[in-house]
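S.K.: Take a look at this one; I'll ask things after.
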Amino acid sequence: MFKKSFTQQMPIPEGAIASAVEVMRTGRLHRYNTLDGELSETDLLEKQFADYLGVKYCLSCASGGYAIYIALLCVGVKAGEKVLCNAFTLAPVPGAITNAGGEPVLVETTADLTIDLNDLARKASQPDVRYLLLSHMRGHVADMNAIVDICDSYGVTLIEDCAHTMGAKWRGKASGTFGKVACFSAQTYKHINAGEGGFLVTNDDGVMAKAIIYSGSYMLFDQHPTLPPKEWFDEVACSTPNYSGRMDNLRAAILRPQLARLDRQCKRWNSLYAAMEDALSWLPGVVLTKRSDDEVFVGSSIQFSFPDLPAEHFPAFVRGCQRRGVALKWVGAPEPSGYSSKFNHWQYLAPSAPLPQTEKVLSTLIDMRIPLTFEESDAEVIAQIISDVLKQTQ
C-alpha cells in the first residue's frame, strides 16, 4: 500500500499566513479599499508577477477560467466566432470560449500531448478563423516558434492558457509571453495555491484597459500598478461591462510569498518528475511522453500510456491501483469523472469533425499528479504497485 495522498498540498508558507492575517486585521480585503498612496496586496502581486514574466501588464482575477473568458472578449471574440483550441484540454477551456460567445473548434493532439501543427495549420487557414486559444495541457509545451509562425501567417490571434506552465519556458522564453494575451491559474492544484485565483498578462495597452474594466474596477482603474495610458480608458471605461471577477487582498497576500519561491518549487517538482519517469520507464509496455530539449517544463504531473492494454482492462487496472493507494486517471474513460473529462463528453459543443488521432492518443493515456508532499523514493513504490496491478489485470 502507498500511504500518501495524491491531493495533499504543501502547507501555505508561514510568511503567507502572516501576510494574510495582517490583511484580515485591517479588514480591507477588497483590492480597492486602500489608504492614499498605499499599494494593496493585490497591486503588489500584479507588479511581482508582471516582473517575473517580463511583461508590461498583469491583472489578478477570481479564477483562471475567468481570466480566459475576459481575455477572449478583450481580443475581440464575438458571438458565433470560431476559436481554435486543443482537443486535449480541460473543460474550463472550451467553457470559457462558450461563455465568451465563441464556437470552439478542436485541433488534433500528437502522441506527445501537444497540439498537432499540421491540423492547426489546416484549420487556421480557414477564412472564418481568427483566434487560437492554446492550452499547454498538463504542462506540455508545443513548438512555440512554429505556432507563432502559423498564427502570423494566417492572421490568427494567439491566446495562451498557461494554467499548467507557470514557470515553464520554450527556448528560454517564458510560457505566457508568446501570444497577445495569456492566462494563468492559482487554483489549489496549480503551481501556486490560493484555492481559486488567476492572472491575465499582456503587453497590449487596449487589452489591459478592457480587462481592468471587465474585472470590476468601476472608475477606480487608475489605482492599478500596471496601467496603460489613461487615454485608453476614455474609450472603454463606460462602454465595457463590469463582470466583477477581481481577486481580493487575502488571496493576493497568500500568493506573494509563494510566487517568490516558485522557481525553487519548480526545480523540486522536476526532481520528483525525473525520479517518477525513471521508475515508470521499467514497466513492460509503458510509453512515456517525449519532451523537446527546447522545453523547460514544470513536472507537477506525469502522463504515460499502455497502448497494448485492451480498453476493457483499464477500469480494473485503475481500480486496482486505487485500492493500493495509487490514484491514476484514465484519460480515455468513456464517462467523465471528478475533474476529468475529454472532448467527446462536452455535449454543449457543436458537432465537430472526427478527431481520430486524439481519440487514439487519449484512449490508453494515464494521468497522475506528483504532489510536492512526495519524496523521490516514493517513485519506486508507486511504480512497483502499478507493475503488480498491471500483471494482475493482464
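Chains: A, B, ... in order of the C-alpha cells. Residues: from 1 per chain. Ligands: from 1, in order shown.
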Would you pick out the contacts of Arg31 (chain A) at 12 Å or less, using only C-alpha atoms, so that residues sharing its chain but fewer than 5 positions from it are not included, and give the list as a count of residues only?
M.R.: 32
S.K.: Using only C-alpha atoms, determine which residues lie at most 12 Å from Asp116 (chain A), disregarding the query and same-chain residues fewer than 2 positions distant; provide the list as an mmCIF file with C-alpha atoms, in the first residue's frame.
M.R.:
```
data_model
loop_
_atom_site.group_PDB
_atom_site.id
_atom_site.type_symbol
_atom_site.label_atom_id
_atom_site.label_comp_id
_atom_site.auth_asym_id
_atom_site.auth_seq_id
_atom_site.Cartn_x
_atom_site.Cartn_y
_atom_site.Cartn_z
ATOM 1 C CA LEU A 84 -9.395 27.033 -32.255
ATOM 2 C CA CYS A 85 -8.292 25.099 -29.166
ATOM 3 C CA ASN A 86 -6.622 21.815 -28.291
ATOM 4 C CA ALA A 87 -8.818 18.738 -28.290
ATOM 5 C CA PHE A 88 -6.775 17.563 -25.279
ATOM 6 C CA LEU A 106 -10.953 21.395 -31.683
ATOM 7 C CA VAL A 107 -7.482 20.686 -33.042
ATOM 8 C CA GLU A 108 -5.840 17.260 -33.048
ATOM 9 C CA THR A 109 -3.303 16.128 -30.441
ATOM 10 C CA THR A 110 0.085 14.499 -31.027
ATOM 11 C CA ALA A 111 1.370 11.400 -29.255
ATOM 12 C CA ASP A 112 3.453 13.762 -27.107
ATOM 13 C CA LEU A 113 0.274 15.563 -25.943
ATOM 14 C CA THR A 114 0.836 18.853 -27.736
ATOM 15 C CA ASN A 118 -0.379 20.188 -39.320
ATOM 16 C CA ASP A 119 -4.009 20.123 -38.202
ATOM 17 C CA LEU A 120 -3.558 23.559 -36.649
ATOM 18 C CA ALA A 121 -2.259 24.991 -39.938
ATOM 19 C CA ARG A 122 -5.143 23.435 -41.884
ATOM 20 C CA LYS A 123 -7.765 24.866 -39.550
ATOM 21 C CA ALA A 124 -6.033 28.232 -39.085
ATOM 22 C CA LEU A 134 -3.659 27.346 -26.956
ATOM 23 C CA VAL A 141 4.769 22.967 -24.333
ATOM 24 C CA ALA A 142 4.497 22.703 -28.114
ATOM 25 C CA ASP A 143 6.945 24.244 -30.585
ATOM 26 C CA MET A 144 6.014 27.829 -29.815
ATOM 27 C CA ALA A 146 6.171 27.190 -35.137
ATOM 28 C CA ILE A 147 2.830 28.090 -33.554
ATOM 29 C CA ILE A 150 1.325 29.681 -38.172
ATOM 30 C CA LEU A 355 -10.519 13.556 -34.243
ATOM 31 C CA GLN A 357 -5.588 10.860 -33.753
ATOM 32 C CA THR A 358 -6.654 12.469 -30.460
ATOM 33 C CA VAL A 361 -3.768 9.029 -28.104
#
```
S.K.: At a cut-off of 12 Å, can you tabulate as a Markdown table every residue of region 147-249 of chain A near region 8-22 of chain A together with its closest atom pair and the distance in Å to one decimal, using only C-alpha atoms and ordering rows by chain then number?
M.R.:
```
| residue | atom | partner | partner_atom | distance |
| --- | --- | --- | --- | --- |
| A:Gln187 | CA | A:Gln9 | CA | 11.4 |
| A:Thr188 | CA | A:Gln9 | CA | 7.7 |
| A:Tyr189 | CA | A:Gln9 | CA | 7.6 |
| A:Lys190 | CA | A:Gln9 | CA | 9.8 |
| A:His191 | CA | A:Gln9 | CA | 10.3 |
| A:Ile192 | CA | A:Ile12 | CA | 9.6 |
| A:Asn193 | CA | A:Ile12 | CA | 7.9 |
| A:Ala194 | CA | A:Ile12 | CA | 9.0 |
| A:Gly195 | CA | A:Gln9 | CA | 10.7 |
| A:Asp248 | CA | A:Ala20 | CA | 10.9 |
| A:Asn249 | CA | A:Ala20 | CA | 8.2 |
```
S.K.: Would you save the residues of that selection, restricted to N, CA and C atoms, as a PDB file, in the first residue's frame?
M.R.:
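The file below, again-v2.pdb, is the result:
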```pdb
ATOM      1  N   GLN A 187      -5.366  28.108  -8.756  1.00  0.00           N
ATOM      2  CA  GLN A 187      -6.258  27.154  -8.097  1.00  0.00           C
ATOM      3  C   GLN A 187      -5.419  26.144  -7.307  1.00  0.00           C
ATOM      4  N   THR A 188      -5.996  25.489  -6.353  1.00  0.00           N
ATOM      5  CA  THR A 188      -5.264  24.654  -5.401  1.00  0.00           C
ATOM      6  C   THR A 188      -4.280  23.688  -6.051  1.00  0.00           C
ATOM      7  N   TYR A 189      -4.627  23.085  -7.177  1.00  0.00           N
ATOM      8  CA  TYR A 189      -3.771  22.057  -7.767  1.00  0.00           C
ATOM      9  C   TYR A 189      -2.784  22.625  -8.786  1.00  0.00           C
ATOM     10  N   LYS A 190      -2.612  23.946  -8.796  1.00  0.00           N
ATOM     11  CA  LYS A 190      -1.666  24.548  -9.722  1.00  0.00           C
ATOM     12  C   LYS A 190      -0.357  24.869  -8.989  1.00  0.00           C
ATOM     13  N   HIS A 191       0.512  25.686  -9.602  1.00  0.00           N
ATOM     14  CA  HIS A 191       1.871  25.820  -9.093  1.00  0.00           C
ATOM     15  C   HIS A 191       2.005  26.788  -7.926  1.00  0.00           C
ATOM     16  N   ILE A 192       1.048  27.689  -7.777  1.00  0.00           N
ATOM     17  CA  ILE A 192       0.892  28.442  -6.538  1.00  0.00           C
ATOM     18  C   ILE A 192      -0.576  28.342  -6.148  1.00  0.00           C
ATOM     19  N   ASN A 193      -0.857  28.393  -4.864  1.00  0.00           N
ATOM     20  CA  ASN A 193      -2.145  27.928  -4.354  1.00  0.00           C
ATOM     21  C   ASN A 193      -2.866  29.005  -3.554  1.00  0.00           C
ATOM     22  N   ALA A 194      -3.981  29.502  -4.130  1.00  0.00           N
ATOM     23  CA  ALA A 194      -4.862  30.408  -3.387  1.00  0.00           C
ATOM     24  C   ALA A 194      -6.258  29.815  -3.236  1.00  0.00           C
ATOM     25  N   GLY A 195      -6.390  28.524  -3.523  1.00  0.00           N
ATOM     26  CA  GLY A 195      -7.707  27.906  -3.542  1.00  0.00           C
ATOM     27  C   GLY A 195      -8.373  28.148  -4.881  1.00  0.00           C
ATOM     28  N   ASP A 248      -9.061  39.304  -4.491  1.00  0.00           N
ATOM     29  CA  ASP A 248      -9.083  40.102  -3.265  1.00  0.00           C
ATOM     30  C   ASP A 248      -7.711  40.103  -2.608  1.00  0.00           C
ATOM     31  N   ASN A 249      -7.521  40.984  -1.632  1.00  0.00           N
ATOM     32  CA  ASN A 249      -6.224  41.134  -0.980  1.00  0.00           C
ATOM     33  C   ASN A 249      -5.829  39.921  -0.149  1.00  0.00           C
TER      34      ASN A 249
END
```
S.K.: Just the alpha helix (DSSP H) stuff from region 66-229 of chain A, please, per backbone DSSP, written as a count of residues only.
M.R.: 48
S.K.: Using only C-alpha atoms, pick whichever of A:Ile212, A:Met137, A:Leu158, A:Cys183 has the shortest atom-to-atom distance to Phe199 (chain A).
M.R.: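 Residue with the minimum atom-to-atom distance to Phe199 (chain A): A:Cys183.
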S.K.: Please list as a PyMOL selection string every residue within 9 Å of Tyr131 (chain A), counting only C-alpha atoms and excluding residues in the same chain fewer than 6 positions away.
M.R.: chain A and resi 72+75+77+81-85+124+151+155-159
S.K.: Considering only C-alpha atoms, return as a list in words whatever protein or nucleic-acid residues lie within 6 Å of region 257-273 of chain A, sequence-local ones (same chain, fewer than 6 positions apart) excluded.
M.R.: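 The filter keeps Ala16, Val298, Gly299, Ser300 and Glu376 of chain A.
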S.K.: Taking only C-alpha atoms into account, name the residue in A:Asn99, A:Asn344, A:Thr393, A:Thr89 that is nearest to Leu73 (chain A).
M.R.: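 Under the stated criterion, the closest residue is A:Asn99.
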S.K.: Quick one: residues within 10 Å of region 204-206 of chain A, only C-alpha atoms counted, chain neighbours fewer than 2 positions away excluded, as a PyMOL selection string?
M.R.: chain A and resi 55-57+74-75+180-181+201-202+208-211+227-230+232-233+235-236
S.K.: So which one's closest to Val93 (chain A), A:Ser341, A:Pro284, A:Pro127, A:Arg28? Using only C-alpha atoms, please.
M.R.: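 Nearest candidate to Val93 (chain A) out of A:Ser341, A:Pro284, A:Pro127, A:Arg28: A:Ser341.
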S.K.: Which polymer residues have any atom within 8 Å of an atom of Glu295 (chain A), counting only C-alpha atoms, with same-chain residues fewer than 3 positions away left out, as a ChimeraX atom specification?
M.R.: /A:141,168-171,291-292
S.K.: Can I get the selected residues back with N, CA and C atoms, as a short mmCIF file (atom, residue, chain, number, x, y, z; two decimals), in the first residue's frame?
M.R.:
```cif
data_model
loop_
_atom_site.label_atom_id
_atom_site.label_comp_id
_atom_site.auth_asym_id
_atom_site.auth_seq_id
_atom_site.Cartn_x
_atom_site.Cartn_y
_atom_site.Cartn_z
N VAL A 141 4.61 21.76 -23.51
CA VAL A 141 4.77 22.97 -24.33
C VAL A 141 5.10 22.55 -25.77
N ALA A 168 7.36 27.62 -16.69
CA ALA A 168 7.90 26.90 -17.85
C ALA A 168 8.42 27.87 -18.90
N LYS A 169 9.25 27.33 -19.83
CA LYS A 169 9.83 28.15 -20.90
C LYS A 169 9.95 27.33 -22.18
N TRP A 170 10.02 28.05 -23.29
CA TRP A 170 10.36 27.45 -24.58
C TRP A 170 11.52 28.24 -25.17
N ARG A 171 12.64 27.56 -25.36
CA ARG A 171 13.87 28.20 -25.85
C ARG A 171 14.22 29.44 -25.04
N ARG A 291 9.69 14.75 -24.48
CA ARG A 291 9.75 16.20 -24.35
C ARG A 291 10.93 16.74 -25.14
N SER A 292 10.73 17.90 -25.73
CA SER A 292 11.79 18.54 -26.52
C SER A 292 12.87 19.11 -25.60
#
```
S.K.: So which one's closest to Pro307 (chain A), A:Ser185, A:Ser340, A:Thr177, A:Ser363? Using only C-alpha atoms, please.
M.R.: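 Closest residue, counting only C-alpha atoms: A:Ser363.
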S.K.: Between A:Gln392, A:Tyr214, A:Ala279, A:Arg130, which has the minimum distance to Tyr243 (chain A) (counting only C-alpha atoms)?
M.R.: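 Closest to Tyr243 (chain A) of all the choices is A:Tyr214.
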S.K.: Compare A:Met276, A:Ala71, A:Cys162, A:Ala350 by their minimum atom-to-atom distance to Phe374 (chain A), counting only C-alpha atoms, and give me the closest one.
M.R.: A:Met276
S.K.: In region 87-247 of chain A, what's strand (DSSP E) per DSSP? Answer as a PyMOL selection string?
M.R.: chain A and resi 103-107+129-135+157-161+169-170+173-174+181-185+198-202
S.K.: Restricted to N, CA and C atoms, what would the selected residues look like written as a PDB file, in the first residue's frame?
M.R.:
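So selection15.pdb came out as:
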```
ATOM      1  N   GLU A 103     -17.344  29.798 -30.686  1.00  0.00           N
ATOM      2  CA  GLU A 103     -17.590  28.390 -31.030  1.00  0.00           C
ATOM      3  C   GLU A 103     -16.260  27.649 -31.015  1.00  0.00           C
ATOM      4  N   PRO A 104     -16.023  26.760 -30.051  1.00  0.00           N
ATOM      5  CA  PRO A 104     -14.762  26.020 -30.021  1.00  0.00           C
ATOM      6  C   PRO A 104     -14.615  25.112 -31.240  1.00  0.00           C
ATOM      7  N   VAL A 105     -13.437  25.172 -31.847  1.00  0.00           N
ATOM      8  CA  VAL A 105     -13.079  24.274 -32.945  1.00  0.00           C
ATOM      9  C   VAL A 105     -11.847  23.502 -32.489  1.00  0.00           C
ATOM     10  N   LEU A 106     -11.993  22.199 -32.310  1.00  0.00           N
ATOM     11  CA  LEU A 106     -10.953  21.395 -31.683  1.00  0.00           C
ATOM     12  C   LEU A 106      -9.884  20.975 -32.686  1.00  0.00           C
ATOM     13  N   VAL A 107      -8.644  21.018 -32.218  1.00  0.00           N
ATOM     14  CA  VAL A 107      -7.482  20.686 -33.042  1.00  0.00           C
ATOM     15  C   VAL A 107      -6.855  19.407 -32.500  1.00  0.00           C
ATOM     16  N   VAL A 129     -11.592  31.807 -39.416  1.00  0.00           N
ATOM     17  CA  VAL A 129     -10.893  31.521 -38.152  1.00  0.00           C
ATOM     18  C   VAL A 129      -9.926  32.659 -37.854  1.00  0.00           C
ATOM     19  N   ARG A 130     -10.072  33.283 -36.680  1.00  0.00           N
ATOM     20  CA  ARG A 130      -9.212  34.423 -36.311  1.00  0.00           C
ATOM     21  C   ARG A 130      -8.537  34.272 -34.953  1.00  0.00           C
ATOM     22  N   TYR A 131      -8.833  33.176 -34.225  1.00  0.00           N
ATOM     23  CA  TYR A 131      -8.329  33.062 -32.856  1.00  0.00           C
ATOM     24  C   TYR A 131      -7.873  31.637 -32.549  1.00  0.00           C
ATOM     25  N   LEU A 132      -6.808  31.533 -31.775  1.00  0.00           N
ATOM     26  CA  LEU A 132      -6.340  30.260 -31.216  1.00  0.00           C
ATOM     27  C   LEU A 132      -6.171  30.427 -29.718  1.00  0.00           C
ATOM     28  N   LEU A 133      -6.915  29.650 -28.950  1.00  0.00           N
ATOM     29  CA  LEU A 133      -6.703  29.545 -27.503  1.00  0.00           C
ATOM     30  C   LEU A 133      -5.878  28.280 -27.276  1.00  0.00           C
ATOM     31  N   LEU A 134      -4.598  28.461 -27.067  1.00  0.00           N
ATOM     32  CA  LEU A 134      -3.659  27.346 -26.956  1.00  0.00           C
ATOM     33  C   LEU A 134      -3.514  26.937 -25.500  1.00  0.00           C
ATOM     34  N   SER A 135      -3.902  25.713 -25.204  1.00  0.00           N
ATOM     35  CA  SER A 135      -3.802  25.183 -23.846  1.00  0.00           C
ATOM     36  C   SER A 135      -2.535  24.347 -23.716  1.00  0.00           C
ATOM     37  N   THR A 157      -5.027  35.434 -33.948  1.00  0.00           N
ATOM     38  CA  THR A 157      -4.588  35.963 -32.653  1.00  0.00           C
ATOM     39  C   THR A 157      -4.389  34.813 -31.672  1.00  0.00           C
ATOM     40  N   LEU A 158      -3.233  34.777 -31.026  1.00  0.00           N
ATOM     41  CA  LEU A 158      -2.888  33.709 -30.089  1.00  0.00           C
ATOM     42  C   LEU A 158      -3.169  34.136 -28.652  1.00  0.00           C
ATOM     43  N   ILE A 159      -3.942  33.316 -27.947  1.00  0.00           N
ATOM     44  CA  ILE A 159      -4.192  33.471 -26.516  1.00  0.00           C
ATOM     45  C   ILE A 159      -3.648  32.219 -25.844  1.00  0.00           C
ATOM     46  N   GLU A 160      -2.804  32.356 -24.842  1.00  0.00           N
ATOM     47  CA  GLU A 160      -2.220  31.200 -24.171  1.00  0.00           C
ATOM     48  C   GLU A 160      -2.942  30.889 -22.859  1.00  0.00           C
ATOM     49  N   ASP A 161      -3.286  29.620 -22.681  1.00  0.00           N
ATOM     50  CA  ASP A 161      -3.772  29.111 -21.399  1.00  0.00           C
ATOM     51  C   ASP A 161      -2.599  28.429 -20.716  1.00  0.00           C
ATOM     52  N   LYS A 169       9.253  27.329 -19.829  1.00  0.00           N
ATOM     53  CA  LYS A 169       9.832  28.153 -20.898  1.00  0.00           C
ATOM     54  C   LYS A 169       9.951  27.332 -22.181  1.00  0.00           C
ATOM     55  N   TRP A 170      10.016  28.053 -23.294  1.00  0.00           N
ATOM     56  CA  TRP A 170      10.356  27.454 -24.581  1.00  0.00           C
ATOM     57  C   TRP A 170      11.519  28.243 -25.169  1.00  0.00           C
ATOM     58  N   LYS A 173      12.312  31.438 -23.385  1.00  0.00           N
ATOM     59  CA  LYS A 173      11.271  32.467 -23.310  1.00  0.00           C
ATOM     60  C   LYS A 173      10.110  31.930 -22.483  1.00  0.00           C
ATOM     61  N   ALA A 174       9.630  32.744 -21.555  1.00  0.00           N
ATOM     62  CA  ALA A 174       8.635  32.275 -20.590  1.00  0.00           C
ATOM     63  C   ALA A 174       7.315  31.914 -21.252  1.00  0.00           C
ATOM     64  N   VAL A 181      -2.140  37.740 -25.410  1.00  0.00           N
ATOM     65  CA  VAL A 181      -2.553  37.727 -24.010  1.00  0.00           C
ATOM     66  C   VAL A 181      -2.421  36.291 -23.503  1.00  0.00           C
ATOM     67  N   ALA A 182      -2.163  36.135 -22.213  1.00  0.00           N
ATOM     68  CA  ALA A 182      -2.046  34.808 -21.612  1.00  0.00           C
ATOM     69  C   ALA A 182      -2.718  34.799 -20.253  1.00  0.00           C
ATOM     70  N   CYS A 183      -3.113  33.603 -19.838  1.00  0.00           N
ATOM     71  CA  CYS A 183      -3.830  33.442 -18.574  1.00  0.00           C
ATOM     72  C   CYS A 183      -3.213  32.321 -17.761  1.00  0.00           C
ATOM     73  N   PHE A 184      -3.155  32.535 -16.453  1.00  0.00           N
ATOM     74  CA  PHE A 184      -2.589  31.576 -15.513  1.00  0.00           C
ATOM     75  C   PHE A 184      -3.613  31.289 -14.420  1.00  0.00           C
ATOM     76  N   SER A 185      -3.389  30.198 -13.703  1.00  0.00           N
ATOM     77  CA  SER A 185      -4.291  29.800 -12.623  1.00  0.00           C
ATOM     78  C   SER A 185      -3.535  29.698 -11.307  1.00  0.00           C
ATOM     79  N   GLY A 198      -6.469  33.637 -10.469  1.00  0.00           N
ATOM     80  CA  GLY A 198      -5.832  33.578 -11.775  1.00  0.00           C
ATOM     81  C   GLY A 198      -5.225  34.911 -12.155  1.00  0.00           C
ATOM     82  N   PHE A 199      -4.516  34.910 -13.298  1.00  0.00           N
ATOM     83  CA  PHE A 199      -3.862  36.108 -13.803  1.00  0.00           C
ATOM     84  C   PHE A 199      -4.096  36.232 -15.298  1.00  0.00           C
ATOM     85  N   LEU A 200      -4.243  37.460 -15.748  1.00  0.00           N
ATOM     86  CA  LEU A 200      -4.225  37.801 -17.166  1.00  0.00           C
ATOM     87  C   LEU A 200      -3.003  38.671 -17.375  1.00  0.00           C
ATOM     88  N   VAL A 201      -2.163  38.318 -18.353  1.00  0.00           N
ATOM     89  CA  VAL A 201      -0.964  39.117 -18.628  1.00  0.00           C
ATOM     90  C   VAL A 201      -0.929  39.486 -20.107  1.00  0.00           C
ATOM     91  N   THR A 202      -0.386  40.658 -20.399  1.00  0.00           N
ATOM     92  CA  THR A 202      -0.328  41.134 -21.773  1.00  0.00           C
ATOM     93  C   THR A 202       0.639  42.303 -21.861  1.00  0.00           C
TER      94      THR A 202
END
```
S.K.: Between CA of Ala163 (chain A) and CA of Ala50 (chain A), what is the spacing in Å?
M.R.: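 Pair CA of Ala50 (chain A) / CA of Ala163 (chain A) returns 15.9 Å.
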